[in-house]
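See below for the structure under consideration.
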Amino acid sequence: MANPQASPILHHPQNHLSLFHFRTTTSPRSFTSLHFRKPLLFLPSSPSSLFSSSFSSKFPQSEQLCDNHQVRHVSTVPVEYATPTPPESDDFLSEIDRLNSLRAKLDVSKDLRRKDAVIDADSRVRRFFSENRGGLPQVLGSLGLNSKEMFLVKCVIAAGQEHALCMNYEEAFEQDAEEYTVRSSVKNALYALVEMIERFDVNSSGYKGRREIGTVLDAEEITHFRKFLTFLEEIEQFYDCIGGIIGYQVMVLELLHQSSKRRNTNRSNLVEESLGCQYLEMHTPSVLDLTQKEDYASQAAIWGIEGLPDLGEIYPLGGAADRLGLVDSDTGECLPAAMLAHCGRTLLEGLIRDLQAREFLYFKLYGKQCVTPVAIMTSAAKNNHEHVSSLCERLKWFGRGQSNFRLFEQPLVPAVSAEDGQWIVSKPFVPVSKPGGHGVIWKLAYDKGVFNWFYDHGRKGATVRQVSNVVAATDVTLLALAGIGLRYNKKLGFASCKRNAGATEGINVLMEKKNFDGKWEYGISCIEYTEFDRFGISNRSPSSNGLQADFPANTNILYVDLHSAELIGSSSNAKSLPNMVLNTKKRIEYIDQYGDYHSVMGGRLECTMQNIADNFFNKFPSRCQGSLEDKLDTYIVYNERRRVTSSAKKKKPHASAALHQTPDGALLDILRNAYDLLTDCDIKLPMIEANDKYVDSPPPYIILLHPALGPLWEVSRQKFKGGSISSCSELQLEIAEFSWNNVQVDGSLIITAENAMGSTTPNDNGEPILQYGLRCGKCKLHNVRVVNRGIDWNSKSNVYWRNDVNRLETCKIILHGNAEFEASNVAIEGNHVFEVPDGHKLKITPGNAGLSINLETLKEEVKETGSWYWNYQLNGSHIHLQQVEVSRN
């Protein structure tokens, strides 16, 4: 099936759309069938041309080889920034045509020699080298460039990015000041380069009078140049499916042109061009509502647990996360999102902990060890790859073994100016670069052998989760999503929820298309918030325009069939890079070589991970009526928003009342989930109010629960019964084998088990491997009252979302190894630390003078299993727990 959104900007001038109609349909939470009589978008065909006659920025002419209004180049003369003027459309379109023609010729060239002949014949390359009298090859040759590297440099020139090669040689050669007065300052850099080359004596060993051939570039410049060549090689290789460097620039210019057309022409024609269909309707999709069908949700979650040995896990961690503004407090280094310490651990640690909780549940049900292979896409942005690798090594691969991790690094791409599509350059050979979006993950996974790696581990499908979402594994969401996908052999599934108006998140839609061959296609897709304008969707509040509120939110939580994803990732065309977009509505900030700060409107070519769904539409010979859920390869599970998505993706602005998508807001959603869980267990605690209540005040309490207490709430609820948690109290439970019966907390209670889910044993390589259920720490609290002064809520240094707080008093229980703690019918008042050594049980009971504390040694025969444990049993689609006493000491 074709994927028009991913094709190199619409080589189908006959395909057009002309009319939009938006109407209200069923709620996203409705489980009813689709009503095709109420389309959200209607797009019949109408003739139009592929390109309009206007565009918002002028492509630089050939004689302006080093002009770039976004960057100060290499001259020490102050750069004159001209006010951008509208480009001449003919110039811009001719540049697109030239590059398209060049790309086509390169594509049919079978080897580097032929490609080099093609690039040498390009008018821009010929002009550049003829004006420089052939000196540049000798200069570059002095650095030992091979044919491939020279080809990459010529591609940069052919793509119109000569300014990335500009060098400052005013110090190397004496210049006539009078000459500079007649030149525009933005051309000084190129003239310096030209004059340097002119002074090069091809019959001698160096430059006349000043620099030897080996010292044309200083050491730092050579380092930058070598990195630049590596950067170019990665672009040429990874984007080979669209034509490498030349194809990248073609896509940039064509997307900019489309953006211009949206401002100046009828939107419907543009949508038709991009989708390449005769007729289109977007419907609110039917969903599998986990909140309304609880029995089905439980069954789907059981399928997910059963299928854990068939599942892998994929984490796209390569984003720059600029909005988070995360900085190492010691070094001042910018850090990637994976390193954000949220609730006491990095976000990456949180993902692995959630995964291990599901594996622990699998062990408790089936008595088998299951270790899920994890593939992590990193990038070079903010040393992401090094930080993630170092974290995994420091934590000894989380007790999972290095062989169960596969890290693969996505390439960076050049940021471009929104004005004219020129690469933004901070200094010679140093383009401003960013990750190319999480949509590169499918092609990159194929290129790096990740799919085969999963197959070697016996995996069929995978769950995909972004690092900033801290609640995605809550209760049934992830397990039900994967369970349905595995059970019904689906190709792609979305976890979705109600969308917040104005949020920077996309929507899920049901696409209905009639193709030009007369066939109909249906499937779940996603429209990113940056594309709302293109589809005529308002992102305003429901009170002003309710259309976007009718659609469920795209959360980037996916189930994917690995073989189906591999077929897309291995495509030798643009289909492998789903839904390429160019969002130029953000500012690109950088410091140039003179230390000057710049902030310009720009973006980079991106593609979206979830739009791989556009390749999984189902075709039908005629238009469908009625229910489609069972007929489609794509599906949606739906849950309460705070059990699906709450992201720590941007720093809370100073004095801002908006906590949405901040670490502060994510903590509040974690606490709301704890409230929902514990109140179902007859535990009394204050309700958490709306976010705006806590903008300038702390949360009402802190409750952090280890996910292995469940992770299904059906399991967790059987470990808690009765009691209360007072306002301004704290409960932190880092333990899985735990029993709470009528416990009252007024202050701070922290329980930490060193072996929360099991203990480690070395494998054949000497790596520590976590063995689930082996020598777990255990705790029972029955009829216990904990009273102390708890957290110092008046402390100005508290950072609640980081779990970095000052305490006046606390009751802390620390369990080493397989240690156990039991307390019954007592009140524990004031500041206490109960530290239980490995192989021992500490019992607290009422005594004559307060508390009776008795430390016992565990019997040898119970040291592996403990003196008691929770026995998990499946009963239909539900899990029942029974507390089993092994031996009474």
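By convention here, the chains of the structure tokens are called A, B, ... in the order presented, each chain's residues are numbered starting at 1, and ligands are numbered starting at 1 in the order presented.
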**OP:** Identify all residues of stretch 525-592 of chain A in strand (DSSP E) (DSSP on the backbone) and supply them as a ChimeraX atom specification.
**Re:** /A:525-527,558-561,581-582,586-591
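Using only C-alpha atoms, the residues found no farther than 7 Å from A:Arg775, other than those of its own chain fewer than 4 positions away, are Gly758, Ser759, Gly817, Asn818, Lys863, Glu864, Thr865 and Gly866 of chain A.
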**OP:** Check the smallest atom-to-atom distance from each of A:Ile484, A:Leu858, A:Leu577, A:Cys728 to A:Ala301 using only C-alpha atoms, then report the winner.
**Re:** A:Ile484
Original post:
Could you pull the residues within 6 Å of stretch 657-669 of chain A, counting only C-alpha atoms, minus those fewer than 5 positions along the same chain, as a ChimeraX atom specification?
Top reply: /A:642,646-652,695,801
How close does each residue of stretch 447-507 of chain A get to stretch 302-307 of chain A, giving the shortest atom pair and distance in Å to one decimal for every residue with an atom at most 9 Å away, counting only C-alpha atoms, sorted by chain and residue number, as JSON lines?
```
{"residue": "A:Leu478", "atom": "CA", "partner": "A:Gly304", "partner_atom": "CA", "distance": 8.0}
{"residue": "A:Leu479", "atom": "CA", "partner": "A:Gly304", "partner_atom": "CA", "distance": 4.5}
{"residue": "A:Ala480", "atom": "CA", "partner": "A:Gly304", "partner_atom": "CA", "distance": 5.8}
{"residue": "A:Leu481", "atom": "CA", "partner": "A:Gly304", "partner_atom": "CA", "distance": 7.4}
{"residue": "A:Ala482", "atom": "CA", "partner": "A:Gly304", "partner_atom": "CA", "distance": 5.3}
{"residue": "A:Gly483", "atom": "CA", "partner": "A:Gly304", "partner_atom": "CA", "distance": 3.6}
{"residue": "A:Ile484", "atom": "CA", "partner": "A:Trp303", "partner_atom": "CA", "distance": 7.1}
{"residue": "A:Gly485", "atom": "CA", "partner": "A:Gly304", "partner_atom": "CA", "distance": 8.7}
{"residue": "A:Leu486", "atom": "CA", "partner": "A:Gly307", "partner_atom": "CA", "distance": 7.1}
{"residue": "A:Arg487", "atom": "CA", "partner": "A:Trp303", "partner_atom": "CA", "distance": 7.0}
```
Produce a file of the selected residues containing N, CA, C and O atoms, as a compact mmCIF listing (two decimals), in the first residue's frame.
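Written output follows (result01.txt):
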```txt
# COMPACT_ATOMS: atom_id res chain seq x y z
N LEU A 478 -0.77 -1.11 29.41
CA LEU A 478 0.24 -1.71 28.53
C LEU A 478 -0.01 -3.19 28.29
O LEU A 478 0.13 -3.68 27.16
N LEU A 479 -0.39 -3.91 29.33
CA LEU A 479 -0.61 -5.35 29.18
C LEU A 479 -1.80 -5.63 28.28
O LEU A 479 -1.75 -6.55 27.44
N ALA A 480 -2.88 -4.86 28.41
CA ALA A 480 -4.05 -5.07 27.54
C ALA A 480 -3.72 -4.71 26.11
O ALA A 480 -4.14 -5.40 25.16
N LEU A 481 -2.97 -3.64 25.91
CA LEU A 481 -2.58 -3.23 24.57
C LEU A 481 -1.82 -4.35 23.87
O LEU A 481 -2.14 -4.73 22.73
N ALA A 482 -0.81 -4.90 24.55
CA ALA A 482 -0.01 -5.96 23.94
C ALA A 482 -0.80 -7.26 23.82
O ALA A 482 -0.66 -7.99 22.83
N GLY A 483 -1.62 -7.54 24.82
CA GLY A 483 -2.39 -8.78 24.79
C GLY A 483 -3.33 -8.87 23.61
O GLY A 483 -3.43 -9.91 22.94
N ILE A 484 -4.02 -7.77 23.30
CA ILE A 484 -4.94 -7.75 22.16
C ILE A 484 -4.17 -7.89 20.86
O ILE A 484 -4.57 -8.62 19.94
N GLY A 485 -3.04 -7.19 20.75
CA GLY A 485 -2.24 -7.28 19.54
C GLY A 485 -1.75 -8.68 19.27
O GLY A 485 -1.82 -9.17 18.13
N LEU A 486 -1.26 -9.36 20.30
CA LEU A 486 -0.78 -10.73 20.14
C LEU A 486 -1.93 -11.70 19.86
O LEU A 486 -1.82 -12.58 19.00
N ARG A 487 -3.03 -11.55 20.59
CA ARG A 487 -4.14 -12.49 20.49
C ARG A 487 -4.75 -12.49 19.10
O ARG A 487 -5.10 -13.55 18.55
```
**OP:** Could you tell me which of A:Tyr279, A:Phe363, A:Trp520, A:Phe238 comes closest to A:Trp870 if we count only C-alpha atoms?
**Re:** A:Phe363
**OP:** Show which residues sit within 9 Å of A:Ala553, as a ChimeraX atom specification. Count only C-alpha atoms, and ignore same-chain residues fewer than 6 positions away.
**Re:** /A:495-500,505-508,526
Writing out the chosen residues with C-alpha atoms as a PDB file, in the first residue's frame:
```pdb
ATOM      1  CA  ALA A 495      -3.020   3.256  23.743  1.00  0.00           C
ATOM      2  CA  SER A 496      -5.180   6.354  23.879  1.00  0.00           C
ATOM      3  CA  CYS A 497      -7.223   8.548  26.189  1.00  0.00           C
ATOM      4  CA  LYS A 498      -9.140  11.818  26.268  1.00  0.00           C
ATOM      5  CA  ARG A 499      -7.196  14.664  24.719  1.00  0.00           C
ATOM      6  CA  ASN A 500      -6.527  17.858  26.643  1.00  0.00           C
ATOM      7  CA  GLU A 505      -0.119  16.154  21.254  1.00  0.00           C
ATOM      8  CA  GLY A 506      -1.675  14.584  18.210  1.00  0.00           C
ATOM      9  CA  ILE A 507      -4.954  12.760  17.719  1.00  0.00           C
ATOM     10  CA  ASN A 508      -5.965   9.310  16.526  1.00  0.00           C
ATOM     11  CA  CYS A 526      -2.451   9.780  13.731  1.00  0.00           C
TER      12      CYS A 526
END
```
**OP:** Can you pull out every residue within 12 Å of A:Tyr869, counting only C-alpha atoms, but drop anything in the same chain fewer than 6 positions away, and send it as a PyMOL selection string?
**Re:** chain A and resi 364+719+736-739+757+773-780+818+820+862-863+881-887
Subject >> Residue neighbourhood A:Ala297, 8 Å, only C-alpha atoms, exclusion window fewer than 6 positions, as a PyMOL selection string >> reply: chain A and resi 290-291+476+480
Those selected residues, please, written with C-alpha atoms and delivered as a compact mmCIF listing (two decimals), in the first residue's frame.
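Heads up, here's the output in out.txt:
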```txt
# COMPACT_ATOMS: atom_id res chain seq x y z
CA LEU A 290 -10.88 -0.42 29.29
CA THR A 291 -12.86 1.72 31.75
CA VAL A 476 -3.99 -2.71 32.66
CA ALA A 480 -4.05 -5.07 27.54
```
**OP:** Extract the full set of helix (DSSP H, G or I) residues from stretch 527-658 of chain A according to DSSP on the backbone, and format it as a VMD selection string.
**Re:** chain A and resid 529 to 535 548 to 550 562 to 569 574 to 576 609 to 615 629 to 631 641 to 643
Original post:
Between A:Asn794, A:Asn515, A:Gln161, A:Ser727, which is the closest to A:Cys277 once you count only C-alpha atoms?
Top reply: A:Asn515
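Residue neighbourhood of A:Asn384, excluding near-sequence residues (fewer than 5 positions): Gly318, Pro336, Thr378 and Ser379 of chain A, at 7 Å, using only C-alpha atoms.
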Pull C-alpha atoms from the residues just selected and write them as a CSV table (one decimal), in the first residue's frame.
```csv
chain,number,residue,atom,x,y,z
A,318,GLY,CA,17.0,9.9,21.0
A,336,PRO,CA,18.9,14.2,27.8
A,378,THR,CA,19.7,6.9,21.3
A,379,SER,CA,21.3,9.9,19.6
```
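When only C-alpha atoms are used to measure the gap to A:Leu288, the shortest distance among A:Pro846, A:Pro762, A:Pro552, A:Pro686 belongs to A:Pro552.
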Original post:
What does the distance from atom CA of A:Gln593 to atom CA of A:Arg226 come to in Å, to one decimal?
Top reply: 17.7 Å
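Each of A:Lys443, A:Glu162, A:Asn755, A:Ala849 was compared to A:Ser572 using only C-alpha atoms, and A:Lys443 turns out to be the nearest.
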